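target.txt (compact mmCIF, C-alpha atoms (C1' of nucleotides)) appears below.
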```txt
# COMPACT_ATOMS: atom_id res chain seq x y z
CA MET H 17 110.34 -38.47 -46.85
CA LEU H 18 109.47 -35.89 -49.45
CA PHE H 19 109.01 -38.12 -52.51
CA SER H 20 107.30 -41.49 -52.76
CA LYS H 21 109.42 -44.53 -53.55
CA GLY H 22 108.00 -44.57 -57.05
CA CYS H 23 109.17 -41.02 -57.60
CA GLU H 24 112.62 -41.70 -56.18
CA TYR H 25 112.99 -44.73 -58.43
CA GLY H 26 111.66 -42.83 -61.42
CA LEU H 27 114.17 -40.02 -61.01
CA ARG H 28 117.09 -42.40 -60.63
CA ALA H 29 115.93 -44.53 -63.54
CA MET H 30 115.50 -41.56 -65.85
CA ILE H 31 118.92 -40.21 -64.98
CA TYR H 32 120.32 -43.66 -65.63
CA VAL H 33 118.72 -43.77 -69.06
CA ALA H 34 120.02 -40.32 -69.89
CA THR H 35 123.49 -41.26 -68.74
CA HIS H 36 123.78 -44.67 -70.35
CA GLY H 37 122.12 -43.94 -73.68
CA GLU H 38 125.12 -44.18 -75.99
CA ASP H 39 122.74 -43.84 -78.91
CA PRO H 40 119.72 -41.86 -77.73
CA ASP H 41 117.52 -43.69 -80.24
CA GLU H 42 118.34 -47.07 -78.79
CA PHE H 43 115.81 -48.65 -76.46
CA VAL H 44 117.05 -49.65 -73.02
CA PRO H 45 115.39 -52.75 -71.51
CA ILE H 46 113.68 -52.12 -68.19
CA ARG H 47 115.22 -55.32 -66.86
CA ARG H 48 118.69 -53.89 -67.30
CA ILE H 49 117.80 -50.66 -65.51
CA SER H 50 116.17 -52.67 -62.74
CA LYS H 51 119.33 -54.72 -62.25
CA GLU H 52 121.72 -51.80 -62.41
CA LEU H 53 119.78 -49.72 -59.90
CA ASP H 54 118.50 -52.63 -57.81
CA ILE H 55 114.86 -51.72 -58.21
CA SER H 56 112.03 -54.25 -58.52
CA PHE H 57 111.51 -54.94 -62.23
CA HIS H 58 107.72 -55.03 -62.14
CA PHE H 59 107.47 -51.95 -60.00
CA LEU H 60 109.80 -50.11 -62.33
CA THR H 61 107.70 -51.23 -65.29
CA LYS H 62 104.67 -49.55 -63.76
CA ILE H 63 106.62 -46.39 -63.15
CA PHE H 64 107.70 -46.26 -66.77
CA GLN H 65 104.12 -46.87 -67.85
CA GLN H 66 103.17 -43.66 -66.05
CA LEU H 67 106.03 -41.79 -67.66
CA ASN H 68 104.95 -43.24 -70.99
CA GLU H 69 101.40 -41.93 -70.55
CA GLU H 70 102.84 -38.48 -69.97
CA ARG H 71 104.93 -38.85 -73.14
CA ILE H 72 108.17 -38.38 -71.27
CA ILE H 73 109.48 -41.69 -72.55
CA GLU H 74 108.64 -44.02 -75.42
CA SER H 75 108.46 -47.79 -75.18
CA TYR H 76 108.90 -50.53 -77.71
CA ARG H 77 108.21 -54.24 -77.33
CA GLY H 78 110.05 -57.27 -78.55
CA PRO H 79 113.74 -58.09 -78.82
CA ARG H 80 115.89 -54.96 -78.70
CA GLY H 81 112.88 -53.21 -77.23
CA GLY H 82 112.76 -51.25 -74.02
CA ILE H 83 112.24 -47.61 -73.25
CA ARG H 84 113.96 -44.43 -74.36
CA LEU H 85 113.56 -40.72 -73.78
CA ALA H 86 110.79 -39.19 -75.85
CA ARG H 87 112.82 -35.98 -76.23
CA PRO H 88 116.45 -34.99 -75.93
CA ALA H 89 117.63 -35.14 -72.33
CA SER H 90 118.20 -31.38 -72.46
CA LYS H 91 114.46 -30.90 -72.99
CA ILE H 92 113.28 -33.00 -70.04
CA ARG H 93 113.16 -31.23 -66.71
CA LEU H 94 113.26 -33.14 -63.46
CA MET H 95 110.07 -31.41 -62.40
CA GLU H 96 108.16 -33.13 -65.21
CA ILE H 97 109.15 -36.50 -63.82
CA VAL H 98 108.19 -35.52 -60.30
CA VAL H 99 104.81 -34.18 -61.38
CA ALA H 100 104.12 -37.27 -63.48
CA LEU H 101 104.84 -39.55 -60.53
CA GLU H 102 103.68 -37.51 -57.52
CA GLY H 103 100.86 -35.69 -59.17
CA PRO H 104 100.55 -31.92 -59.02
CA GLY H 105 100.09 -30.35 -55.62
CA LEU H 106 103.23 -31.58 -53.92
CA PHE H 107 104.55 -28.06 -54.09
CA SER H 108 101.44 -26.33 -52.88
CA GLU H 109 100.70 -28.36 -49.75
CA CYS H 110 100.78 -26.81 -46.31
CA VAL H 111 103.57 -28.32 -44.25
CA MET H 112 101.17 -28.73 -41.33
CA GLY H 113 98.42 -30.15 -43.50
CA LEU H 114 95.91 -27.32 -43.12
CA PRO H 115 93.50 -27.45 -46.05
CA GLY H 116 92.99 -23.73 -46.40
CA CYS H 117 96.54 -22.62 -45.65
CA GLY H 118 97.90 -20.18 -48.19
CA ASP H 119 99.27 -16.71 -48.57
CA LEU H 120 95.97 -15.26 -47.43
CA ALA H 121 95.41 -17.50 -44.40
CA PRO H 122 98.87 -18.78 -43.58
CA CYS H 123 99.80 -21.19 -40.80
CA PRO H 124 102.78 -20.11 -38.66
CA LEU H 125 105.23 -22.05 -40.80
CA HIS H 126 103.73 -21.07 -44.12
CA ASP H 127 106.10 -18.31 -45.17
CA GLY H 128 109.26 -20.12 -44.16
CA TRP H 129 108.23 -23.42 -45.66
CA SER H 130 106.91 -22.09 -48.92
CA GLU H 131 110.12 -20.20 -49.51
CA GLN H 132 112.25 -23.34 -49.22
CA ARG H 133 109.71 -25.41 -51.10
CA ASP H 134 109.64 -22.93 -53.96
CA ARG H 135 113.40 -22.93 -54.18
CA LEU H 136 113.42 -26.68 -54.46
CA ALA H 137 110.69 -26.48 -57.07
CA GLY H 138 112.82 -23.94 -58.93
CA LEU H 139 115.76 -26.30 -58.85
CA LEU H 140 113.68 -29.16 -60.22
CA LYS H 141 112.20 -26.92 -62.88
CA SER H 142 115.52 -25.59 -64.04
CA MET H 143 117.50 -28.83 -63.92
CA THR H 144 117.26 -31.05 -66.97
CA LEU H 145 118.15 -34.70 -67.35
CA ALA H 146 121.08 -33.63 -69.50
CA GLU H 147 122.49 -31.50 -66.69
CA ALA H 148 121.98 -34.17 -64.06
CA SER H 149 123.59 -36.67 -66.36
CA ARG H 150 126.52 -34.39 -67.20
CA GLN H 151 127.06 -33.66 -63.53
CA ILE H 152 127.29 -37.36 -62.83
CA ALA H 153 129.77 -37.99 -65.59
CA ALA H 154 131.91 -34.98 -64.74
CA GLU H 155 132.09 -35.53 -61.01
CA GLY H 156 131.84 -39.28 -60.82
CA LEU H 157 128.61 -39.14 -58.87
CA ARG H 158 126.32 -42.08 -58.46
CA ILE H 159 122.66 -43.00 -58.93
CA GLY H 160 122.89 -46.69 -58.08
CA PRO H 161 123.69 -48.57 -54.90
CA MET M 5 104.20 -34.81 -48.07
CA LEU M 6 107.17 -33.95 -45.90
CA PHE M 7 105.75 -34.75 -42.46
CA SER M 8 103.60 -37.69 -41.40
CA LYS M 9 100.03 -37.01 -40.30
CA GLY M 10 101.07 -37.65 -36.72
CA CYS M 11 103.69 -34.93 -36.96
CA GLU M 12 101.34 -32.47 -38.63
CA TYR M 13 98.75 -33.05 -35.92
CA GLY M 14 101.38 -32.84 -33.20
CA LEU M 15 102.65 -29.47 -34.39
CA ARG M 16 99.16 -28.02 -34.66
CA ALA M 17 98.14 -29.42 -31.31
CA MET M 18 101.22 -28.08 -29.55
CA ILE M 19 100.74 -24.66 -31.04
CA TYR M 20 97.13 -24.80 -29.93
CA VAL M 21 98.14 -25.63 -26.37
CA ALA M 22 100.68 -22.82 -26.34
CA THR M 23 98.13 -20.39 -27.71
CA HIS M 24 95.16 -21.33 -25.54
CA GLY M 25 96.90 -21.88 -22.24
CA GLU M 26 95.57 -18.93 -20.25
CA ASP M 27 97.29 -20.35 -17.20
CA PRO M 28 100.31 -22.34 -18.37
CA ASP M 29 99.99 -24.63 -15.34
CA GLU M 30 96.47 -25.64 -16.20
CA PHE M 31 95.99 -28.99 -17.92
CA VAL M 32 94.16 -28.96 -21.25
CA PRO M 33 92.04 -32.05 -21.97
CA ILE M 34 93.00 -33.89 -25.14
CA ARG M 35 89.34 -34.16 -26.03
CA ARG M 36 89.05 -30.40 -26.24
CA ILE M 37 92.11 -30.11 -28.48
CA SER M 38 90.79 -32.92 -30.63
CA LYS M 39 87.48 -31.13 -31.11
CA GLU M 40 88.96 -27.71 -31.75
CA LEU M 41 91.40 -28.97 -34.35
CA ASP M 42 89.19 -31.77 -35.72
CA ILE M 43 91.72 -34.50 -35.08
CA SER M 44 90.84 -38.04 -34.00
CA PHE M 45 90.86 -38.12 -30.20
CA HIS M 46 92.52 -41.52 -29.83
CA PHE M 47 95.13 -40.77 -32.46
CA LEU M 48 95.92 -37.49 -30.78
CA THR M 49 96.23 -39.28 -27.45
CA LYS M 50 98.92 -41.51 -28.88
CA ILE M 51 100.76 -38.52 -30.29
CA PHE M 52 100.76 -36.84 -26.89
CA GLN M 53 102.00 -40.06 -25.33
CA GLN M 54 105.07 -39.82 -27.54
CA LEU M 55 105.56 -36.19 -26.65
CA ASN M 56 105.15 -37.18 -23.01
CA GLU M 57 107.90 -39.80 -23.29
CA GLU M 58 110.20 -37.11 -24.63
CA ARG M 59 109.26 -34.86 -21.70
CA ILE M 60 107.97 -32.15 -23.99
CA ILE M 61 104.60 -32.22 -22.29
CA GLU M 62 103.25 -33.45 -18.96
CA SER M 63 99.98 -35.29 -18.51
CA TYR M 64 97.63 -35.67 -15.60
CA ARG M 65 94.64 -37.98 -15.25
CA GLY M 66 91.26 -37.47 -13.70
CA PRO M 67 88.85 -34.53 -13.69
CA ARG M 68 90.62 -31.28 -14.60
CA GLY M 69 93.39 -33.43 -16.02
CA GLY M 70 94.82 -33.24 -19.50
CA ILE M 71 98.20 -32.25 -20.85
CA ARG M 72 100.33 -29.14 -20.53
CA LEU M 73 103.71 -27.98 -21.72
CA ALA M 74 106.57 -29.36 -19.66
CA ARG M 75 108.50 -26.10 -20.11
CA PRO M 76 107.66 -22.51 -20.99
CA ALA M 77 106.61 -22.22 -24.63
CA SER M 78 109.66 -20.05 -25.25
CA LYS M 79 111.87 -23.04 -24.39
CA ILE M 80 110.23 -25.53 -26.75
CA ARG M 81 111.49 -25.47 -30.31
CA LEU M 82 109.38 -26.82 -33.15
CA MET M 83 112.26 -29.07 -34.15
CA GLU M 84 111.95 -30.99 -30.88
CA ILE M 85 108.38 -31.84 -31.72
CA VAL M 86 109.28 -32.92 -35.23
CA VAL M 87 112.14 -35.10 -34.04
CA ALA M 88 109.98 -36.67 -31.34
CA LEU M 89 107.30 -37.58 -33.88
CA GLU M 90 109.29 -38.27 -37.05
CA GLY M 91 112.39 -39.64 -35.45
CA PRO M 92 115.83 -38.30 -36.25
CA GLY M 93 117.05 -38.67 -39.81
CA LEU M 94 114.31 -36.75 -41.60
CA PHE M 95 116.83 -34.04 -42.24
CA SER M 96 119.63 -36.25 -43.41
CA GLU M 97 117.83 -38.37 -45.99
CA CYS M 98 118.75 -38.29 -49.66
CA VAL M 99 115.88 -36.88 -51.71
CA MET M 100 116.30 -39.72 -54.21
CA GLY M 101 116.59 -42.37 -51.51
CA LEU M 102 120.18 -43.42 -52.14
CA PRO M 103 121.51 -45.03 -48.98
CA GLY M 104 125.08 -43.79 -49.30
CA CYS M 105 124.32 -40.33 -50.62
CA GLY M 106 126.12 -37.58 -48.74
CA ASP M 107 128.59 -34.77 -49.17
CA LEU M 108 131.25 -37.27 -50.19
CA ALA M 109 129.20 -39.28 -52.66
CA PRO M 110 126.38 -36.95 -53.62
CA CYS M 111 123.52 -37.71 -55.98
CA PRO M 112 122.83 -35.01 -58.61
CA LEU M 113 120.23 -33.31 -56.43
CA HIS M 114 122.19 -33.59 -53.20
CA ASP M 115 123.63 -30.10 -52.97
CA GLY M 116 120.48 -28.29 -53.99
CA TRP M 117 118.21 -30.37 -51.78
CA SER M 118 120.37 -30.33 -48.70
CA GLU M 119 120.63 -26.56 -48.83
CA GLN M 120 116.85 -26.10 -48.76
CA ARG M 121 116.42 -28.89 -46.25
CA ASP M 122 118.96 -27.33 -43.92
CA ARG M 123 117.26 -23.97 -44.14
CA LEU M 124 113.98 -25.54 -43.16
CA ALA M 125 115.72 -27.36 -40.33
CA GLY M 126 117.18 -24.04 -39.25
CA LEU M 127 113.74 -22.49 -39.22
CA LEU M 128 112.34 -25.32 -37.10
CA LYS M 129 115.30 -25.15 -34.75
CA SER M 130 115.07 -21.42 -34.25
CA MET M 131 111.29 -21.12 -33.98
CA THR M 132 109.78 -21.74 -30.57
CA LEU M 133 106.21 -22.48 -29.64
CA ALA M 134 106.05 -19.04 -28.07
CA GLU M 135 106.96 -17.37 -31.35
CA ALA M 136 104.55 -19.47 -33.37
CA SER M 137 101.87 -18.71 -30.86
CA ARG M 138 102.62 -14.99 -30.77
CA GLN M 139 102.59 -14.88 -34.56
CA ILE M 140 99.16 -16.42 -34.60
CA ALA M 141 97.78 -14.00 -32.07
CA ALA M 142 99.35 -10.96 -33.69
CA GLU M 143 98.36 -11.72 -37.26
CA GLY M 144 95.16 -13.62 -36.72
CA LEU M 145 96.55 -16.78 -38.30
CA ARG M 146 94.98 -20.15 -37.91
CA ILE M 147 95.89 -23.68 -36.85
CA GLY M 148 92.44 -25.25 -37.03
CA PRO M 149 90.08 -25.97 -39.90
C1' DA R 20 82.48 -45.11 -1.26
C1' DA R 21 80.55 -44.15 -5.67
C1' DC R 22 80.95 -41.72 -9.73
C1' DA R 23 82.55 -39.15 -13.53
C1' DA R 24 86.49 -37.31 -16.09
C1' DT R 25 90.44 -38.16 -17.79
C1' DT R 26 94.98 -40.36 -19.69
C1' DA R 27 97.39 -45.12 -20.87
C1' DA R 28 97.85 -49.00 -23.51
C1' DG R 29 97.11 -52.18 -26.71
C1' DA R 30 94.21 -54.74 -29.96
C1' DC R 31 91.98 -54.13 -33.99
C1' DA R 32 90.41 -52.24 -38.61
C1' DA R 33 90.79 -49.43 -42.71
C1' DA R 34 93.34 -47.29 -46.19
C1' DG R 35 97.33 -46.31 -48.68
C1' DT R 36 101.90 -47.57 -50.46
C1' DA R 37 105.17 -50.84 -52.10
C1' DG R 38 106.23 -54.94 -54.21
C1' DT R 39 105.23 -59.60 -56.64
C1' DC R 40 103.23 -62.61 -59.90
C1' DT R 41 100.69 -64.15 -63.87
C1' DT R 42 98.95 -63.65 -68.21
C1' DG R 43 98.70 -61.39 -72.55
C1' DA R 44 100.28 -58.63 -76.57
C1' DT R 45 103.92 -57.21 -79.64
C1' DT R 46 107.91 -57.78 -82.37
C1' DG R 47 112.60 -59.14 -84.07
C1' DT R 48 115.29 -63.32 -85.43
C1' DG R 49 116.37 -67.79 -87.16
C1' DC Y 25 106.21 -70.01 -88.58
C1' DA Y 26 108.24 -70.84 -84.01
C1' DC Y 27 110.51 -68.82 -80.51
C1' DA Y 28 112.45 -65.69 -77.40
C1' DA Y 29 112.59 -60.98 -75.68
C1' DT Y 30 110.23 -57.48 -74.24
C1' DC Y 31 106.48 -54.11 -72.53
C1' DA Y 32 101.27 -53.89 -70.77
C1' DA Y 33 97.89 -54.67 -67.57
C1' DG Y 34 95.79 -56.20 -63.79
C1' DA Y 35 95.26 -59.26 -59.82
C1' DC Y 36 97.22 -60.27 -55.77
C1' DT Y 37 100.15 -59.96 -51.45
C1' DA Y 38 102.77 -57.56 -47.88
C1' DC Y 39 103.82 -53.75 -45.30
C1' DT Y 40 103.09 -49.20 -43.31
C1' DT Y 41 100.36 -45.54 -41.90
C1' DT Y 42 96.29 -43.87 -40.13
C1' DG Y 43 92.36 -44.25 -37.48
C1' DT Y 44 88.96 -46.71 -34.13
C1' DC Y 45 87.59 -49.23 -30.19
C1' DT Y 46 87.84 -51.38 -25.74
C1' DT Y 47 89.61 -51.91 -21.36
C1' DA Y 48 92.36 -50.38 -17.51
C1' DA Y 49 94.34 -47.04 -14.33
C1' DT Y 50 94.22 -42.63 -12.03
C1' DT Y 51 92.14 -38.83 -9.70
C1' DG Y 52 88.92 -35.09 -8.26
C1' DT Y 53 84.12 -34.39 -6.57
C1' DT Y 54 80.09 -35.43 -4.15
```

As structure tokens, please, write out the structure in this file.
Amino acid sequence: MLFSKGCEYGLRAMIYVATHGEDPDEFVPIRRISKELDISFHFLTKIFQQLNEERIIESYRGPRGGIRLARPASKIRLMEIVVALEGPGLFSECVMGLPGCGDLAPCPLHDGWSEQRDRLAGLLKSMTLAEASRQIAAEGLRIGP
Amino acid sequence: MLFSKGCEYGLRAMIYVATHGEDPDEFVPIRRISKELDISFHFLTKIFQQLNEERIIESYRGPRGGIRLARPASKIRLMEIVVALEGPGLFSECVMGLPGCGDLAPCPLHDGWSEQRDRLAGLLKSMTLAEASRQIAAEGLRIGP
DNA sequence: AACAATTAAGACAAAGTAGTCTTGATTGTG
DNA sequence: CACAATCAAGACTACTTTGTCTTAATTGTT
């Protein structure tokens, strides 16, 4: 498993918000997201708290409160979400776990792995929530169970 | 982290055995591997037990016992080791954890992820212990700390 | 036969991840 | 103001992974 559960949930939840935000200024209750995607409400709350600290979303309490994107979906890249939830370093780890592995002292898999890893990183860096969301709408893809 | 610790250790240990087996019929004690690679002896023993069940290595008890490759290093592909230690399915999981995600009902990252994942799988399938070992010898690479 | 070297197996412990619950703070609505 | 809806925060539990320890079985050497 590449991403932690928290990161998987966070990605799906953010894409959900981007997709279902009729009015982007409206706050979406976490409870609704949790039900739609079948993710534990409290766990999801903690995930959004992390995303809130990184200013990727905004939250608001009280009736009609919830969370919303802090910026237009076209300005939020998937990589930001991954970094906020996995921490930096996911895309610099050695696949065999050698502490000093790198371009200078590579393990046997280093070159092959880092190429694929960098491509994935490139995909996450270039893909925005708006694109993921558009792709879902256009092709009838799914983010829930 | 893509691989579990057990899988990381298993790959390094197998490459070590392939590299340091002067006589391929000689048994290498697990304790020696554990010291050279700085991996917990008992944990490593359990890893080799799994590899033994899959007939990737052979073990022998008593003085001058240890483990050795069950086949020539050129006949053992890294993918076998990964599958033995991670189980099958690592290379068919959805990156966002959606149970039904696949070519028919893809999540937004499905195509991009599965391409990189398949390339990595291809690398692991095509690379043998002999090649990894030769690469280390030729280029002075490292598998220990 | 006695001993030392070694793997085998499983119980156990520690640490990390995932998930639940409770309480508190904020805020709109009647 | 009273109340309900909602996020915030932290304690707590459960599960999984990782690592340790102990005991047993096997085997070569003396």

Please determine the contact residues of chain R with respect to chain H at a cut-off of 8 Å, counting all atoms listed in the file, and supply them as a PyMOL selection string.
chain R and resi 37-39+45-47

Contact set, chain H to chain M: 6 Å, all atoms listed in the file, as a PyMOL selection string:
chain H and resi 17-18+24+112+123-124+132+148+158

Find the residues of chain H in contact range of chain Y, meaning any atom within 12 Å when counting only C-alpha atoms (C1' of nucleotides), and list them as a PyMOL selection string.
chain H and resi 43-48+57-58+60-66+68-69+74-83

Give me the least-squares superposed chain H (reference chain M; all C-alpha atoms paired in order) as a short mmCIF file (atom, residue, chain, number, x, y, z; two decimals) with C-alpha atoms, in the coordinates of the input.
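Final output, selection.cif:
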```
data_model
loop_
_atom_site.label_atom_id
_atom_site.label_comp_id
_atom_site.auth_asym_id
_atom_site.auth_seq_id
_atom_site.Cartn_x
_atom_site.Cartn_y
_atom_site.Cartn_z
CA MET H 17 104.16 -34.81 -48.08
CA LEU H 18 107.13 -33.97 -45.92
CA PHE H 19 105.72 -34.78 -42.47
CA SER H 20 103.56 -37.71 -41.41
CA LYS H 21 100.00 -37.02 -40.32
CA GLY H 22 101.01 -37.64 -36.73
CA CYS H 23 103.66 -34.96 -36.98
CA GLU H 24 101.32 -32.48 -38.64
CA TYR H 25 98.73 -33.06 -35.92
CA GLY H 26 101.35 -32.85 -33.20
CA LEU H 27 102.63 -29.49 -34.41
CA ARG H 28 99.15 -28.03 -34.67
CA ALA H 29 98.13 -29.44 -31.31
CA MET H 30 101.21 -28.10 -29.55
CA ILE H 31 100.73 -24.66 -31.03
CA TYR H 32 97.12 -24.81 -29.92
CA VAL H 33 98.14 -25.63 -26.37
CA ALA H 34 100.68 -22.83 -26.34
CA THR H 35 98.12 -20.40 -27.69
CA HIS H 36 95.17 -21.33 -25.52
CA GLY H 37 96.95 -21.86 -22.22
CA GLU H 38 95.62 -18.90 -20.26
CA ASP H 39 97.34 -20.30 -17.20
CA PRO H 40 100.34 -22.32 -18.37
CA ASP H 41 100.02 -24.59 -15.34
CA GLU H 42 96.50 -25.61 -16.22
CA PHE H 43 96.01 -28.96 -17.92
CA VAL H 44 94.17 -28.94 -21.24
CA PRO H 45 92.03 -32.03 -21.95
CA ILE H 46 93.00 -33.87 -25.12
CA ARG H 47 89.32 -34.16 -26.00
CA ARG H 48 89.04 -30.39 -26.23
CA ILE H 49 92.09 -30.10 -28.47
CA SER H 50 90.76 -32.92 -30.62
CA LYS H 51 87.45 -31.12 -31.08
CA GLU H 52 88.94 -27.72 -31.73
CA LEU H 53 91.38 -28.98 -34.34
CA ASP H 54 89.17 -31.76 -35.71
CA ILE H 55 91.69 -34.50 -35.07
CA SER H 56 90.79 -38.04 -33.98
CA PHE H 57 90.84 -38.11 -30.17
CA HIS H 58 92.49 -41.51 -29.81
CA PHE H 59 95.08 -40.78 -32.44
CA LEU H 60 95.89 -37.50 -30.77
CA THR H 61 96.20 -39.29 -27.43
CA LYS H 62 98.91 -41.51 -28.89
CA ILE H 63 100.73 -38.53 -30.29
CA PHE H 64 100.75 -36.85 -26.90
CA GLN H 65 101.98 -40.07 -25.33
CA GLN H 66 105.04 -39.84 -27.56
CA LEU H 67 105.56 -36.21 -26.66
CA ASN H 68 105.15 -37.18 -23.02
CA GLU H 69 107.88 -39.82 -23.29
CA GLU H 70 110.20 -37.15 -24.65
CA ARG H 71 109.27 -34.89 -21.73
CA ILE H 72 107.98 -32.17 -24.01
CA ILE H 73 104.61 -32.22 -22.30
CA GLU H 74 103.26 -33.45 -18.97
CA SER H 75 100.00 -35.29 -18.49
CA TYR H 76 97.67 -35.63 -15.57
CA ARG H 77 94.67 -37.93 -15.18
CA GLY H 78 91.29 -37.40 -13.64
CA PRO H 79 88.91 -34.46 -13.65
CA ARG H 80 90.66 -31.22 -14.58
CA GLY H 81 93.42 -33.38 -16.00
CA GLY H 82 94.84 -33.23 -19.48
CA ILE H 83 98.20 -32.24 -20.84
CA ARG H 84 100.34 -29.14 -20.54
CA LEU H 85 103.73 -27.98 -21.74
CA ALA H 86 106.58 -29.37 -19.68
CA ARG H 87 108.52 -26.11 -20.13
CA PRO H 88 107.69 -22.54 -21.02
CA ALA H 89 106.61 -22.23 -24.64
CA SER H 90 109.68 -20.07 -25.27
CA LYS H 91 111.88 -23.05 -24.42
CA ILE H 92 110.24 -25.55 -26.78
CA ARG H 93 111.48 -25.50 -30.34
CA LEU H 94 109.39 -26.85 -33.17
CA MET H 95 112.26 -29.10 -34.16
CA GLU H 96 111.93 -31.01 -30.89
CA ILE H 97 108.35 -31.86 -31.74
CA VAL H 98 109.26 -32.93 -35.25
CA VAL H 99 112.12 -35.13 -34.05
CA ALA H 100 109.95 -36.69 -31.36
CA LEU H 101 107.28 -37.60 -33.90
CA GLU H 102 109.27 -38.29 -37.08
CA GLY H 103 112.35 -39.67 -35.48
CA PRO H 104 115.80 -38.33 -36.29
CA GLY H 105 117.01 -38.68 -39.84
CA LEU H 106 114.30 -36.76 -41.63
CA PHE H 107 116.81 -34.04 -42.27
CA SER H 108 119.63 -36.24 -43.41
CA GLU H 109 117.83 -38.36 -46.01
CA CYS H 110 118.77 -38.25 -49.66
CA VAL H 111 115.93 -36.83 -51.71
CA MET H 112 116.34 -39.66 -54.22
CA GLY H 113 116.59 -42.30 -51.52
CA LEU H 114 120.20 -43.35 -52.13
CA PRO H 115 121.52 -44.99 -48.97
CA GLY H 116 125.07 -43.75 -49.25
CA CYS H 117 124.33 -40.28 -50.59
CA GLY H 118 126.15 -37.55 -48.72
CA ASP H 119 128.62 -34.76 -49.14
CA LEU H 120 131.28 -37.25 -50.14
CA ALA H 121 129.22 -39.27 -52.63
CA PRO H 122 126.42 -36.94 -53.59
CA CYS H 123 123.55 -37.68 -55.96
CA PRO H 124 122.90 -34.98 -58.59
CA LEU H 125 120.30 -33.27 -56.42
CA HIS H 126 122.23 -33.55 -53.19
CA ASP H 127 123.69 -30.07 -52.94
CA GLY H 128 120.53 -28.26 -53.95
CA TRP H 129 118.26 -30.33 -51.77
CA SER H 130 120.41 -30.31 -48.68
CA GLU H 131 120.66 -26.55 -48.81
CA GLN H 132 116.89 -26.09 -48.76
CA ARG H 133 116.44 -28.89 -46.26
CA ASP H 134 118.98 -27.34 -43.91
CA ARG H 135 117.28 -23.99 -44.13
CA LEU H 136 113.99 -25.55 -43.17
CA ALA H 137 115.72 -27.39 -40.34
CA GLY H 138 117.19 -24.06 -39.24
CA LEU H 139 113.75 -22.51 -39.22
CA LEU H 140 112.34 -25.34 -37.12
CA LYS H 141 115.29 -25.18 -34.76
CA SER H 142 115.06 -21.46 -34.25
CA MET H 143 111.29 -21.15 -34.00
CA THR H 144 109.78 -21.76 -30.59
CA LEU H 145 106.20 -22.50 -29.64
CA ALA H 146 106.04 -19.06 -28.08
CA GLU H 147 106.95 -17.40 -31.37
CA ALA H 148 104.54 -19.50 -33.39
CA SER H 149 101.86 -18.75 -30.87
CA ARG H 150 102.61 -15.02 -30.80
CA GLN H 151 102.60 -14.90 -34.58
CA ILE H 152 99.15 -16.44 -34.61
CA ALA H 153 97.77 -14.02 -32.08
CA ALA H 154 99.34 -10.98 -33.71
CA GLU H 155 98.36 -11.75 -37.27
CA GLY H 156 95.14 -13.64 -36.74
CA LEU H 157 96.53 -16.78 -38.30
CA ARG H 158 94.95 -20.16 -37.90
CA ILE H 159 95.87 -23.70 -36.85
CA GLY H 160 92.42 -25.26 -37.03
CA PRO H 161 90.04 -25.96 -39.88
#
```

In Å to one decimal, how far is atom CA of Gly118 of chain H from atom CA of Pro104 of chain H?
16.2 Å

Expressed in Å to a single decimal, how great is the separation between atom C1' of DG49 of chain R and atom CA of Asp41 of chain H?
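Atom-to-atom, atom C1' of DG49 of chain R and atom CA of Asp41 of chain H are spaced 25.1 Å apart.
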
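A straight line drawn from atom CA of Ala34 of chain H to atom CA of Asp107 of chain M is 23.1 Å long.
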